[in-house]
file protein-v7.cif (mmCIF, C-alpha atoms and all ligand atoms)
data_input
loop_
_atom_site.group_PDB
_atom_site.id
_atom_site.type_symbol
_atom_site.label_atom_id
_atom_site.label_comp_id
_atom_site.auth_asym_id
_atom_site.auth_seq_id
_atom_site.Cartn_x
_atom_site.Cartn_y
_atom_site.Cartn_z
ATOM 1 C CA MET A 1 123.819 67.558 24.711
ATOM 2 C CA ASP A 2 120.131 67.635 24.015
ATOM 3 C CA VAL A 3 118.142 68.770 27.067
ATOM 4 C CA PHE A 4 115.886 65.752 26.510
ATOM 5 C CA SER A 5 117.012 62.117 26.387
ATOM 6 C CA ARG A 6 116.559 60.225 23.136
ATOM 7 C CA ASP A 7 113.443 58.487 24.466
ATOM 8 C CA GLN A 8 111.918 61.690 25.779
ATOM 9 C CA ARG A 9 112.641 63.416 22.505
ATOM 10 C CA SER A 10 110.981 60.717 20.414
ATOM 11 C CA ASP A 11 108.051 60.751 22.806
ATOM 12 C CA ILE A 12 107.727 64.485 22.235
ATOM 13 C CA MET A 13 107.922 63.946 18.467
ATOM 14 C CA ARG A 14 105.182 61.355 18.610
ATOM 15 C CA LYS A 15 102.921 63.673 20.540
ATOM 16 C CA VAL A 16 103.674 66.582 18.256
ATOM 17 C CA CYS A 17 103.079 64.559 15.095
ATOM 18 C CA SER A 18 99.760 62.960 15.997
ATOM 19 C CA THR A 19 96.817 64.732 14.411
ATOM 20 C CA ASP A 20 94.620 65.042 17.490
ATOM 21 C CA THR A 21 96.935 66.249 20.204
ATOM 22 C CA THR A 22 95.607 67.206 23.600
ATOM 23 C CA PRO A 23 96.021 70.998 23.182
ATOM 24 C CA GLU A 24 93.865 70.908 20.039
ATOM 25 C CA LYS A 25 91.179 68.941 21.824
ATOM 26 C CA LEU A 26 91.274 71.390 24.683
ATOM 27 C CA VAL A 27 90.816 74.398 22.424
ATOM 28 C CA ARG A 28 87.927 72.670 20.653
ATOM 29 C CA ARG A 29 86.335 71.849 23.986
ATOM 30 C CA LEU A 30 86.692 75.440 25.196
ATOM 31 C CA LEU A 31 85.142 76.849 22.048
ATOM 32 C CA HIS A 32 82.349 74.327 22.064
ATOM 33 C CA ARG A 33 81.529 75.031 25.698
ATOM 34 C CA CYS A 34 81.246 78.724 24.906
ATOM 35 C CA GLY A 35 78.775 78.015 22.154
ATOM 36 C CA TYR A 36 81.004 78.485 19.138
ATOM 37 C CA ARG A 37 80.342 76.026 16.365
ATOM 38 C CA PHE A 38 83.164 74.983 14.136
ATOM 39 C CA LYS A 39 84.376 72.415 11.681
ATOM 40 C CA LEU A 40 87.392 70.254 12.258
ATOM 41 C CA SER A 41 90.411 70.544 10.043
ATOM 42 C CA ASN A 42 89.626 71.337 6.468
ATOM 43 C CA LYS A 43 92.016 69.839 3.977
ATOM 44 C CA ASP A 44 90.869 72.206 1.234
ATOM 45 C CA LEU A 45 92.318 75.195 3.059
ATOM 46 C CA PRO A 46 96.029 76.089 2.969
ATOM 47 C CA GLY A 47 97.900 74.548 5.885
ATOM 48 C CA ASN A 48 94.906 72.423 6.937
ATOM 49 C CA PRO A 49 93.869 74.543 9.978
ATOM 50 C CA ASP A 50 92.940 72.684 13.163
ATOM 51 C CA ILE A 51 89.650 74.501 13.675
ATOM 52 C CA VAL A 52 87.535 76.324 11.109
ATOM 53 C CA LEU A 53 84.815 78.768 12.197
ATOM 54 C CA PRO A 54 83.048 79.719 8.956
ATOM 55 C CA LYS A 55 80.523 81.946 10.709
ATOM 56 C CA TYR A 56 83.379 84.041 12.093
ATOM 57 C CA ASN A 57 85.544 83.893 9.008
ATOM 58 C CA THR A 58 88.249 82.557 11.270
ATOM 59 C CA VAL A 59 90.607 79.613 11.269
ATOM 60 C CA VAL A 60 92.573 78.513 14.307
ATOM 61 C CA PHE A 61 95.906 76.747 14.374
ATOM 62 C CA VAL A 62 97.028 75.129 17.584
ATOM 63 C CA HIS A 63 100.802 75.283 17.299
ATOM 64 C CA GLY A 64 103.358 73.382 19.323
ATOM 65 C CA CYS A 65 105.787 75.947 20.725
ATOM 66 C CA PHE A 66 108.806 73.792 19.891
ATOM 67 C CA TRP A 67 108.081 72.984 16.256
ATOM 68 C CA HIS A 68 106.619 76.301 15.313
ATOM 69 C CA ARG A 69 109.121 78.384 17.311
ATOM 70 C CA HIS A 70 107.001 80.382 19.705
ATOM 71 C CA LYS A 71 109.009 83.582 20.099
ATOM 72 C CA GLY A 72 110.215 84.248 23.631
ATOM 73 C CA CYS A 73 108.848 80.914 24.866
ATOM 74 C CA ARG A 74 110.889 78.565 27.007
ATOM 75 C CA ALA A 75 109.307 75.570 25.279
ATOM 76 C CA ALA A 76 110.906 76.676 22.025
ATOM 77 C CA SER A 77 114.419 75.990 23.253
ATOM 78 C CA MET A 78 117.046 75.053 20.695
ATOM 79 C CA PRO A 79 118.208 71.420 20.963
ATOM 80 C CA GLN A 80 121.871 71.292 21.897
ATOM 81 C CA SER A 81 122.858 68.596 19.409
ATOM 82 C CA ASN A 82 122.476 68.567 15.605
ATOM 83 C CA VAL A 83 122.029 72.305 15.705
ATOM 84 C CA ASP A 84 122.358 72.718 11.931
ATOM 85 C CA TYR A 85 119.694 70.128 11.308
ATOM 86 C CA TRP A 86 117.268 71.782 13.722
ATOM 87 C CA ARG A 87 117.954 75.271 12.405
ATOM 88 C CA LYS A 88 117.105 74.165 8.893
ATOM 89 C CA LYS A 89 114.060 72.280 10.052
ATOM 90 C CA PHE A 90 112.746 75.201 12.106
ATOM 91 C CA SER A 91 113.335 77.783 9.437
ATOM 92 C CA GLY A 92 111.424 75.533 7.003
ATOM 93 C CA ASN A 93 108.540 75.324 9.455
ATOM 94 C CA GLU A 94 108.500 79.071 10.020
ATOM 95 C CA LYS A 95 108.575 79.787 6.309
ATOM 96 C CA ARG A 96 105.686 77.420 5.714
ATOM 97 C CA ASP A 97 103.675 78.949 8.566
ATOM 98 C CA ARG A 98 104.163 82.433 7.147
ATOM 99 C CA ARG A 99 103.158 81.337 3.650
ATOM 100 C CA VAL A 100 100.074 79.494 4.896
ATOM 101 C CA LYS A 101 98.935 82.509 6.940
ATOM 102 C CA ARG A 102 99.407 84.800 3.974
ATOM 103 C CA GLU A 103 97.440 82.505 1.670
ATOM 104 C CA LEU A 104 94.593 82.172 4.155
ATOM 105 C CA ARG A 105 94.411 85.931 4.691
ATOM 106 C CA GLN A 106 94.338 86.445 0.935
ATOM 107 C CA LEU A 107 91.354 84.094 0.820
ATOM 108 C CA GLY A 108 89.632 86.335 3.361
ATOM 109 C CA TRP A 109 90.186 84.237 6.485
ATOM 110 C CA ARG A 110 91.316 85.620 9.797
ATOM 111 C CA VAL A 111 94.078 83.473 11.167
ATOM 112 C CA CYS A 112 94.369 82.846 14.887
ATOM 113 C CA VAL A 113 97.342 81.008 16.338
ATOM 114 C CA VAL A 114 96.930 79.381 19.725
ATOM 115 C CA TRP A 115 100.261 78.326 21.169
ATOM 116 C CA GLU A 116 100.428 75.091 23.070
ATOM 117 C CA CYS A 117 101.704 76.830 26.228
ATOM 118 C CA GLN A 118 98.658 79.116 26.186
ATOM 119 C CA THR A 119 96.374 76.106 26.600
ATOM 120 C CA LYS A 120 97.788 75.788 30.127
ATOM 121 C CA LEU A 121 95.820 78.900 31.052
ATOM 122 C CA PRO A 122 92.405 78.031 29.611
ATOM 123 C CA GLN A 123 90.582 80.962 31.261
ATOM 124 C CA LYS A 124 92.890 83.477 29.698
ATOM 125 C CA LEU A 125 92.827 81.663 26.386
ATOM 126 C CA ILE A 126 89.064 81.529 26.079
ATOM 127 C CA SER A 127 88.628 85.195 26.924
ATOM 128 C CA ARG A 128 91.138 86.022 24.217
ATOM 129 C CA LEU A 129 89.343 83.765 21.720
ATOM 130 C CA LYS A 130 85.986 85.278 22.664
ATOM 131 C CA ARG A 131 87.341 88.781 22.144
ATOM 132 C CA LEU A 132 88.699 87.768 18.802
ATOM 133 C CA LEU A 133 85.607 85.939 17.571
ATOM 134 C CA ASP A 134 83.141 88.495 18.861
ATOM 135 C CA SER A 135 85.038 91.188 17.018
ATOM 136 C CA ALA A 136 84.776 89.214 13.777
ATOM 137 C CA CYS A 137 82.520 91.755 12.109
ATOM 138 C CA SER A 138 84.488 94.857 12.972
ATOM 139 C CA TYR A 139 87.733 93.124 12.196
ATOM 140 C CA GLU A 140 87.019 92.498 8.531
ATOM 141 C CA ASN A 141 87.884 96.055 7.615
ATOM 142 C CA HIS A 142 91.008 96.075 9.732
ATOM 143 C CA PRO A 143 93.283 93.244 8.700
ATOM 144 C CA ASP A 144 96.121 94.750 10.691
ATOM 145 C CA ASN A 145 94.218 95.009 13.933
ATOM 146 C CA LEU A 146 96.955 95.569 16.491
ATOM 147 C CA ALA A 147 95.192 94.201 19.531
ATOM 148 C CA TYR A 148 94.676 90.955 17.702
ATOM 149 C CA LYS A 149 98.286 90.772 16.627
ATOM 150 C CA ALA A 150 99.551 91.369 20.148
ATOM 151 C CA ALA A 151 97.271 88.683 21.528
ATOM 152 C CA GLU A 152 98.631 86.269 18.981
ATOM 153 C CA THR A 153 102.124 86.027 20.362
ATOM 154 C CA SER A 154 102.447 86.354 24.122
ATOM 155 C CA PRO A 155 104.021 83.211 25.588
ATOM 156 C CA VAL A 156 103.043 81.622 28.889
ATOM 157 C CA TYR A 157 106.502 80.254 29.523
ATOM 158 C CA LYS A 158 108.633 83.334 29.311
ATOM 159 C CA VAL A 159 112.343 82.882 28.876
ATOM 160 C CA LYS A 160 113.927 84.012 32.114
ATOM 161 C CA LYS A 161 116.121 87.039 31.741
ATOM 162 C CA LYS A 162 119.593 86.505 33.098
HETATM 163 ZN ZN ZN B 201 104.867 78.866 23.998
#

call {"tool": "encode", "arguments": {"input": "protein-v7.cif", "output": "structure tokens", "more": "lines below"}}
Ligand SMILES: [Zn+2]
result
Amino acid sequence: MDVFSRDQRSDIMRKVCSTDTTPEKLVRRLLHRCGYRFKLSNKDLPGNPDIVLPKYNTVVFVHGCFWHRHKGCRAASMPQSNVDYWRKKFSGNEKRDRRVKRELRQLGWRVCVVWECQTKLPQKLISRLKRLLDSACSYENHPDNLAYKAAETSPVYKVKKK
């Protein structure tokens, strides 16, 4: 059995599929409030990032934990029915995300992923984004910056260890 009812699931889908979901708006609001100027999604860039900060050479994706499979995140649970279908779907999403990131990095963009669950802790999120954006200059020469990579993945909803 799916952990969500059919109605709940389609409600989730609707929210996930709309182009201006609440988490995206929240991230835009946070950035704006802190004085960062950005462009909204840019269809000319691979993967059509949610936020583009040309001055900082940075694009931001606001990813739903479920669809984009936030590692170690409770919100990325595997539906209990149609498992094969979901597996295929998720692996397609993950492949696309990896390709898009690679293409953007090759074009010289820094790619920042904000996970939906991280928008629940806006204070923490904005200090991470500030750190990232304010390091834009020094970062350019260090595409494998470890601090940045670590910040990219930590989930808010940790899967409880049994
Ligand atoms: Zn998450």

call {"tool": "resolve_selection", "arguments": {"input": "protein-v7.cif", "expression": "the PyMOL selection byres (((chain A and resi 133) around 12) and not hetatm)", "output": "number ranges by chain"}}
result
A: 31, 34-38, 52-60, 110-112, 126-132, 134-140, 148

call {"tool": "closest_residue", "arguments": {"input": "protein-v7.cif", "among": "A:Leu125, A:Gly47, A:Trp115, A:Thr22", "to": "Gly72 (chain A)", "atoms": "only C-alpha atoms"}}
result
A:Trp115

call {"tool": "axis_aligned_box", "arguments": {"input": "protein-v7.cif", "around": "region 45-53 of chain A", "padding_each_side": "3 Å", "output": "JSON"}}
result
{"center_x": 91.4, "center_y": 75.6, "center_z": 8.3, "size_x": 19.1, "size_y": 12.3, "size_z": 16.7}

call {"tool": "resolve_selection", "arguments": {"input": "protein-v7.cif", "expression": "the PyMOL selection byres (((chain A and resi 76-92) around 6) and not hetatm)", "output": "PyMOL selection string"}}
result
chain A and resi 1-2+65-66+69-70+73-75+93-95

call {"tool": "atom_distance", "arguments": {"input": "protein-v7.cif", "atom1": "CA of Asp50 (chain A)", "atom2": "CA of Gly108 (chain A)"}}
result
17.1 Å

call {"tool": "atom_distance", "arguments": {"input": "protein-v7.cif", "atom1": "CA of Trp67 (chain A)", "atom2": "CA of Arg98 (chain A)"}}
result
13.7 Å

call {"tool": "build_atoms", "arguments": {"input": "protein-v7.cif", "residues": "region 83-109 of chain A", "atoms": "N, CA and C atoms", "output": "short mmCIF file (atom, residue, chain, number, x, y, z; two decimals), keeping the file's coordinate frame"}}
result
data_model
loop_
_atom_site.label_atom_id
_atom_site.label_comp_id
_atom_site.auth_asym_id
_atom_site.auth_seq_id
_atom_site.Cartn_x
_atom_site.Cartn_y
_atom_site.Cartn_z
N VAL A 83 122.58 70.96 15.80
CA VAL A 83 122.03 72.31 15.70
C VAL A 83 121.71 72.71 14.27
N ASP A 84 122.59 72.34 13.33
CA ASP A 84 122.36 72.72 11.93
C ASP A 84 121.07 72.11 11.40
N TYR A 85 120.90 70.83 11.74
CA TYR A 85 119.69 70.13 11.31
C TYR A 85 118.44 70.84 11.82
N TRP A 86 118.45 71.16 13.12
CA TRP A 86 117.27 71.78 13.72
C TRP A 86 117.02 73.17 13.16
N ARG A 87 118.10 73.92 12.96
CA ARG A 87 117.95 75.27 12.40
C ARG A 87 117.23 75.23 11.07
N LYS A 88 117.68 74.28 10.23
CA LYS A 88 117.10 74.17 8.89
C LYS A 88 115.63 73.78 9.00
N LYS A 89 115.41 72.80 9.86
CA LYS A 89 114.06 72.28 10.05
C LYS A 89 113.13 73.41 10.53
N PHE A 90 113.57 74.14 11.54
CA PHE A 90 112.75 75.20 12.11
C PHE A 90 112.50 76.31 11.09
N SER A 91 113.53 76.67 10.36
CA SER A 91 113.34 77.78 9.44
C SER A 91 112.37 77.35 8.33
N GLY A 92 112.40 76.06 7.96
CA GLY A 92 111.42 75.53 7.00
C GLY A 92 110.01 75.64 7.56
N ASN A 93 109.86 75.26 8.81
CA ASN A 93 108.54 75.32 9.46
C ASN A 93 108.03 76.76 9.49
N GLU A 94 108.92 77.67 9.89
CA GLU A 94 108.50 79.07 10.02
C GLU A 94 108.11 79.66 8.67
N LYS A 95 108.88 79.29 7.65
CA LYS A 95 108.58 79.79 6.31
C LYS A 95 107.20 79.30 5.87
N ARG A 96 106.96 78.01 6.11
CA ARG A 96 105.69 77.42 5.71
C ARG A 96 104.54 78.10 6.47
N ASP A 97 104.73 78.31 7.77
CA ASP A 97 103.68 78.95 8.57
C ASP A 97 103.34 80.33 8.02
N ARG A 98 104.39 81.08 7.67
CA ARG A 98 104.16 82.43 7.15
C ARG A 98 103.40 82.39 5.82
N ARG A 99 103.81 81.45 4.96
CA ARG A 99 103.16 81.34 3.65
C ARG A 99 101.68 80.96 3.82
N VAL A 100 101.44 79.96 4.68
CA VAL A 100 100.07 79.49 4.90
C VAL A 100 99.18 80.62 5.41
N LYS A 101 99.71 81.39 6.38
CA LYS A 101 98.94 82.51 6.94
C LYS A 101 98.60 83.51 5.86
N ARG A 102 99.61 83.82 5.03
CA ARG A 102 99.41 84.80 3.97
C ARG A 102 98.31 84.31 3.02
N GLU A 103 98.41 83.04 2.63
CA GLU A 103 97.44 82.50 1.67
C GLU A 103 96.02 82.54 2.25
N LEU A 104 95.92 82.18 3.52
CA LEU A 104 94.59 82.17 4.16
C LEU A 104 94.02 83.58 4.22
N ARG A 105 94.88 84.55 4.59
CA ARG A 105 94.41 85.93 4.69
C ARG A 105 93.98 86.43 3.33
N GLN A 106 94.71 86.03 2.29
CA GLN A 106 94.34 86.44 0.94
C GLN A 106 92.98 85.87 0.54
N LEU A 107 92.65 84.70 1.10
CA LEU A 107 91.35 84.09 0.82
C LEU A 107 90.25 84.69 1.70
N GLY A 108 90.63 85.64 2.55
CA GLY A 108 89.63 86.34 3.36
C GLY A 108 89.44 85.75 4.76
N TRP A 109 90.29 84.81 5.14
CA TRP A 109 90.19 84.24 6.48
C TRP A 109 90.99 85.05 7.48
#
